[in-house]
Structures are given as C-alpha cells and as structure tokens.
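Text of coords-v5.pdb, listed as PDB, C-alpha atoms, pLDDT in the B column:
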ATOM      1  CA  MET A  34      88.892  79.596 112.819  1.00 34.00           C
ATOM      2  CA  SER A  35      89.703  82.268 110.247  1.00 39.00           C
ATOM      3  CA  ALA A  36      88.308  85.762 110.814  1.00 43.00           C
ATOM      4  CA  ASN A  37      85.956  87.054 108.134  1.00 43.00           C
ATOM      5  CA  LEU A  38      87.557  90.324 107.040  1.00 44.00           C
ATOM      6  CA  ASN A  39      85.704  90.896 103.794  1.00 44.00           C
ATOM      7  CA  VAL A  40      84.450  94.268 102.679  1.00 40.00           C
ATOM      8  CA  LYS A  41      81.058  95.145 104.101  1.00 40.00           C
ATOM      9  CA  ARG A  42      80.066  96.476 100.717  1.00 42.00           C
ATOM     10  CA  GLU A  43      76.766  97.978 101.741  1.00 47.00           C
ATOM     11  CA  HIS A  44      78.678 100.440 103.913  1.00 57.00           C
ATOM     12  CA  ASN A  45      81.948 100.627 101.940  1.00 71.00           C
ATOM     13  CA  LEU A  46      83.819  99.558 105.052  1.00 78.00           C
ATOM     14  CA  LEU A  47      86.929  97.482 105.424  1.00 82.00           C
ATOM     15  CA  ILE A  48      87.780  96.097 108.819  1.00 88.00           C
ATOM     16  CA  TYR A  49      91.553  96.116 109.267  1.00 90.00           C
ATOM     17  CA  PRO A  50      93.355  94.388 112.100  1.00 94.00           C
ATOM     18  CA  ILE A  51      96.072  96.545 113.629  1.00 95.00           C
ATOM     19  CA  ILE A  52      98.598  95.926 116.360  1.00 96.00           C
ATOM     20  CA  ILE A  53      98.582  98.352 119.253  1.00 97.00           C
ATOM     21  CA  SER A  54     101.673  98.306 121.446  1.00 97.00           C
ATOM     22  CA  LYS A  55     101.726  99.844 124.927  1.00 97.00           C
ATOM     23  CA  PHE A  56     104.915 101.651 125.957  1.00 95.00           C
ATOM     24  CA  THR A  57     105.870 103.096 129.338  1.00 93.00           C
ATOM     25  CA  ASP A  58     109.451 104.256 128.650  1.00 91.00           C
ATOM     26  CA  ASP A  59     108.502 107.954 128.473  1.00 85.00           C
ATOM     27  CA  GLY A  60     105.178 108.063 130.256  1.00 90.00           C
ATOM     28  CA  GLU A  61     102.416 105.840 128.926  1.00 94.00           C
ATOM     29  CA  TYR A  62     101.558 105.875 125.226  1.00 95.00           C
ATOM     30  CA  PHE A  63     100.285 103.494 122.544  1.00 96.00           C
ATOM     31  CA  VAL A  64     101.656 102.890 119.045  1.00 96.00           C
ATOM     32  CA  ALA A  65      99.552 101.396 116.250  1.00 96.00           C
ATOM     33  CA  THR A  66     101.005  99.543 113.252  1.00 95.00           C
ATOM     34  CA  SER A  67      99.517  97.287 110.625  1.00 89.00           C
ATOM     35  CA  PRO A  68     101.209  94.433 108.781  1.00 87.00           C
ATOM     36  CA  ASN A  69      98.493  95.066 106.138  1.00 84.00           C
ATOM     37  CA  ILE A  70      99.759  98.596 105.466  1.00 85.00           C
ATOM     38  CA  PRO A  71     103.575  98.697 105.332  1.00 85.00           C
ATOM     39  CA  GLY A  72     104.870 101.894 106.894  1.00 88.00           C
ATOM     40  CA  MET A  73     101.653 102.734 108.754  1.00 90.00           C
ATOM     41  CA  VAL A  74     102.575 103.952 112.222  1.00 94.00           C
ATOM     42  CA  THR A  75     100.626 106.266 114.472  1.00 95.00           C
ATOM     43  CA  GLN A  76     100.197 106.729 118.179  1.00 94.00           C
ATOM     44  CA  GLY A  77      97.966 108.068 120.909  1.00 94.00           C
ATOM     45  CA  ASP A  78      97.890 108.762 124.634  1.00 94.00           C
ATOM     46  CA  THR A  79      95.350 105.952 125.050  1.00 95.00           C
ATOM     47  CA  MET A  80      94.608 102.724 123.226  1.00 95.00           C
ATOM     48  CA  ALA A  81      91.406 104.309 121.882  1.00 95.00           C
ATOM     49  CA  ASP A  82      93.392 107.291 120.562  1.00 95.00           C
ATOM     50  CA  ALA A  83      95.843 104.981 118.792  1.00 96.00           C
ATOM     51  CA  ALA A  84      92.966 103.050 117.217  1.00 95.00           C
ATOM     52  CA  TYR A  85      91.254 106.286 116.157  1.00 93.00           C
ATOM     53  CA  TRP A  86      94.409 107.728 114.585  1.00 93.00           C
ATOM     54  CA  SER A  87      95.129 104.434 112.828  1.00 93.00           C
ATOM     55  CA  ILE A  88      91.860 104.792 110.908  1.00 89.00           C
ATOM     56  CA  ASP A  89      93.031 108.179 109.650  1.00 85.00           C
ATOM     57  CA  ALA A  90      96.527 106.866 108.882  1.00 88.00           C
ATOM     58  CA  ILE A  91      95.245 103.866 106.924  1.00 87.00           C
ATOM     59  CA  SER A  92      92.737 105.991 105.003  1.00 82.00           C
ATOM     60  CA  THR A  93      95.456 108.478 104.087  1.00 80.00           C
ATOM     61  CA  MET A  94      97.960 105.835 103.019  1.00 82.00           C
ATOM     62  CA  ILE A  95      95.559 103.956 100.737  1.00 77.00           C
ATOM     63  CA  GLU A  96      93.744 107.021  99.426  1.00 65.00           C
ATOM     64  CA  ASP A  97      95.276 106.969  95.938  1.00 56.00           C
ATOM     65  CA  GLU A  98      96.444 103.367  95.597  1.00 59.00           C
ATOM     66  CA  ASP A  99      95.029  99.908  95.391  1.00 66.00           C
ATOM     67  CA  TYR A 100      94.040  99.089  98.922  1.00 71.00           C
ATOM     68  CA  PRO A 101      95.394  95.928 100.438  1.00 78.00           C
ATOM     69  CA  LYS A 102      92.894  93.306 101.422  1.00 79.00           C
ATOM     70  CA  PRO A 103      92.740  92.759 105.188  1.00 84.00           C
ATOM     71  CA  VAL A 104      94.595  89.624 106.226  1.00 85.00           C
ATOM     72  CA  ASP A 105      93.752  87.168 108.945  1.00 90.00           C
ATOM     73  CA  PRO A 106      95.933  88.080 111.953  1.00 92.00           C
ATOM     74  CA  SER A 107      95.635  84.681 113.644  1.00 90.00           C
ATOM     75  CA  ASN A 108      99.273  83.851 112.791  1.00 90.00           C
ATOM     76  CA  TRP A 109     100.724  87.159 113.929  1.00 91.00           C
ATOM     77  CA  GLU A 110     103.195  86.778 116.778  1.00 92.00           C
ATOM     78  CA  LEU A 111     102.644  89.411 119.450  1.00 95.00           C
ATOM     79  CA  ASN A 112     104.784  90.638 122.320  1.00 95.00           C
ATOM     80  CA  ASP A 113     103.355  90.880 125.834  1.00 95.00           C
ATOM     81  CA  ASN A 114     102.700  94.616 125.355  1.00 96.00           C
ATOM     82  CA  GLN A 115     100.737  94.139 122.119  1.00 97.00           C
ATOM     83  CA  ILE A 116      97.106  93.526 121.257  1.00 97.00           C
ATOM     84  CA  ILE A 117      95.197  93.160 117.994  1.00 96.00           C
ATOM     85  CA  VAL A 118      92.408  95.669 117.477  1.00 95.00           C
ATOM     86  CA  TYR A 119      90.035  95.775 114.515  1.00 94.00           C
ATOM     87  CA  VAL A 120      89.355  99.213 113.048  1.00 93.00           C
ATOM     88  CA  PRO A 121      86.815 100.214 110.387  1.00 90.00           C
ATOM     89  CA  VAL A 122      88.083 102.161 107.398  1.00 85.00           C
ATOM     90  CA  ASP A 123      85.488 103.906 105.227  1.00 81.00           C
ATOM     91  CA  MET A 124      86.434 103.226 101.631  1.00 74.00           C
ATOM     92  CA  SER A 125      83.959 105.749 100.163  1.00 74.00           C
ATOM     93  CA  LYS A 126      86.715 108.310  99.558  1.00 68.00           C
ATOM     94  CA  TRP A 127      88.989 105.685  97.990  1.00 64.00           C
ATOM     95  CA  ILE A 128      86.155 104.511  95.759  1.00 68.00           C
ATOM     96  CA  GLN A 129      85.365 108.100  94.771  1.00 71.00           C
ATOM     97  CA  ASN A 130      89.026 108.844  93.958  1.00 65.00           C
ATOM     98  CA  ASN A 131      89.349 105.666  91.903  1.00 62.00           C
ATOM     99  CA  SER A 132      86.084 105.807  89.971  1.00 69.00           C
ATOM    100  CA  HIS A 133      87.395 107.424  86.804  1.00 73.00           C
ATOM    101  CA  LEU A 134      86.059 105.827  83.661  1.00 76.00           C
ATOM    102  CA  VAL A 135      88.070 103.349  81.628  1.00 78.00           C
ATOM    103  CA  ASN A 136      87.370 102.177  78.110  1.00 83.00           C
ATOM    104  CA  GLU A 137      86.684  98.440  78.167  1.00 82.00           C
ATOM    105  CA  THR A 138      85.788  96.432  75.073  1.00 87.00           C
ATOM    106  CA  ILE A 139      83.073  93.835  75.499  1.00 89.00           C
ATOM    107  CA  THR A 140      81.683  91.337  73.040  1.00 91.00           C
ATOM    108  CA  ILE A 141      77.935  90.922  72.670  1.00 90.00           C
ATOM    109  CA  PRO A 142      75.819  89.335  69.941  1.00 91.00           C
ATOM    110  CA  GLU A 143      75.161  91.674  67.016  1.00 92.00           C
ATOM    111  CA  TYR A 144      71.366  91.399  67.305  1.00 92.00           C
ATOM    112  CA  ILE A 145      71.498  92.440  70.991  1.00 91.00           C
ATOM    113  CA  ASN A 146      73.655  95.423  70.092  1.00 89.00           C
ATOM    114  CA  ALA A 147      71.191  96.389  67.337  1.00 91.00           C
ATOM    115  CA  LEU A 148      68.246  96.086  69.733  1.00 93.00           C
ATOM    116  CA  ALA A 149      70.078  98.161  72.337  1.00 90.00           C
ATOM    117  CA  ILE A 150      70.759 100.925  69.804  1.00 92.00           C
ATOM    118  CA  GLU A 151      67.187 100.762  68.534  1.00 93.00           C
ATOM    119  CA  ASN A 152      65.849 101.128  72.076  1.00 93.00           C
ATOM    120  CA  GLY A 153      68.298 103.834  73.133  1.00 92.00           C
ATOM    121  CA  ILE A 154      69.970 101.597  75.729  1.00 91.00           C
ATOM    122  CA  ASP A 155      73.432 102.575  76.904  1.00 90.00           C
ATOM    123  CA  VAL A 156      75.341  99.272  76.876  1.00 90.00           C
ATOM    124  CA  SER A 157      78.173 100.676  79.000  1.00 87.00           C
ATOM    125  CA  GLN A 158      75.715 101.806  81.667  1.00 87.00           C
ATOM    126  CA  ILE A 159      73.974  98.407  81.701  1.00 90.00           C
ATOM    127  CA  ALA A 160      77.335  96.589  81.888  1.00 88.00           C
ATOM    128  CA  THR A 161      78.442  98.844  84.756  1.00 85.00           C
ATOM    129  CA  GLN A 162      75.197  98.241  86.651  1.00 86.00           C
ATOM    130  CA  ALA A 163      75.499  94.486  86.140  1.00 88.00           C
ATOM    131  CA  LEU A 164      79.111  94.501  87.389  1.00 83.00           C
ATOM    132  CA  ILE A 165      78.168  96.548  90.443  1.00 78.00           C
ATOM    133  CA  LYS A 166      75.446  94.041  91.262  1.00 81.00           C
ATOM    134  CA  GLU A 167      77.657  91.001  90.580  1.00 83.00           C
ATOM    135  CA  LEU A 168      80.461  92.407  92.751  1.00 76.00           C
ATOM    136  CA  GLY A 169      78.060  93.233  95.577  1.00 72.00           C
ATOM    137  CA  LEU A 170      78.867  96.950  95.429  1.00 66.00           C
ATOM    138  CA  GLU A 171      75.246  98.091  95.542  1.00 61.00           C
TER     139      GLU A 171
END
What does the file become when written as structure tokens?
Amino acid sequence: MSANLNVKREHNLLIYPIIISKFTDDGEYFVATSPNIPGMVTQGDTMADAAYWSIDAISTMIEDEDYPKPVDPSNWELNDNQIIVYVPVDMSKWIQNNSHLVNETITIPEYINALAIENGIDVSQIATQALIKELGLE
C-alpha cells in the first residue's frame, strides 16, 4: 500500500519521510537524512532531536527553490540501525518567498473581456482566485 504524502493544502504542510540512523561509536547520537532532499543531513542527541532538526534543515534547504514532492519510502532499503520517520514541514515561508507575480497571457472571449472591463472586474485577480481554488490552495 502506497503512503499518501500529498500536501495538506489547508495547512500548507508537506509530510516528508526521513531516515534516522542511530550511532553508538562516540556515545549515542542520531543522524537524519532524506532521499527526498539530497544533501540534507542533521543530527541530535535523541531521535526526537534529529527529527526536530530535520524539519529546520529541510525548510532551510528548500526555502528558495522548487520543493521536491515527498516520495513513497516503501522501497527504501534500511540498515538495522535505521528507521523511517515522517516529519511535517510548513511550506508557508516557501510559498511566501515564491509568490512574486508573473505575467501570464490568457485567452478569453472578447465579449467576456468587455463585460469585465465594463464592470470593473480584475481578470487577473479572478484567474488567480480560480487557480487557487482549482489547485486546492485555499
């Protein structure tokens, strides 16, 4: 059964699976990595610390880029000292940083455009609202 890792759009949350590895070579500590986020590595004194710091690490790494979609970890091969943990990442900051306006050309019937102008309707605003609704970003 595939895990449902879609964006919970009403809360702007992504749920990312991470791998937490337990090490005892220099005391006990935990290292978190994510195949979703190449290069993401963080650690903590406890498993909870590693999970907590992974949220910060993921948020920082995807802050100014396209964020990778969470992948289903069911095919990940783990060592005996590893466990998969799901962490929530609040995408509000990413959304805010990537919400600059772009100029997009749309085609609408001439009479609708004329009626919109006549009624003082901002077509770009209406199109944006419709896209937000269609994409479930409300």
task: Determine the residue membership of the PyMOL selection byres ((chain A and resi 83) around 12) for the file above and supply it as a PyMOL selection string.
output: chain A and resi 51-55+62-67+73-82+84-91+116-120
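Going from CA of His133 in chain A to CA of Ile70 in chain A covers 24.1 Å.
Using only C-alpha atoms, the smallest distance between any of A:Ser157, A:Leu47, A:Thr138, A:Gln115 and Ile95 in chain A comes from A:Leu47.
For the pair CA of Ile159 in chain A and CA of Asn45 in chain A, the interatomic distance is 21.9 Å.
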I'd like the box whose edges run along x, y and z of the file and which contains every listed atom of range 144-159 of chain A, padded by 8 Å per side; could you state its centre and edge lengths in Å, one decimal, as AutoDock Vina command-line options?
--center_x 72.0 --center_y 97.6 --center_z 74.5 --size_x 28.3 --size_y 28.4 --size_z 30.4
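Atom pair CA of Thr93 in chain A / CA of Pro121 in chain A: separated by 13.5 Å.
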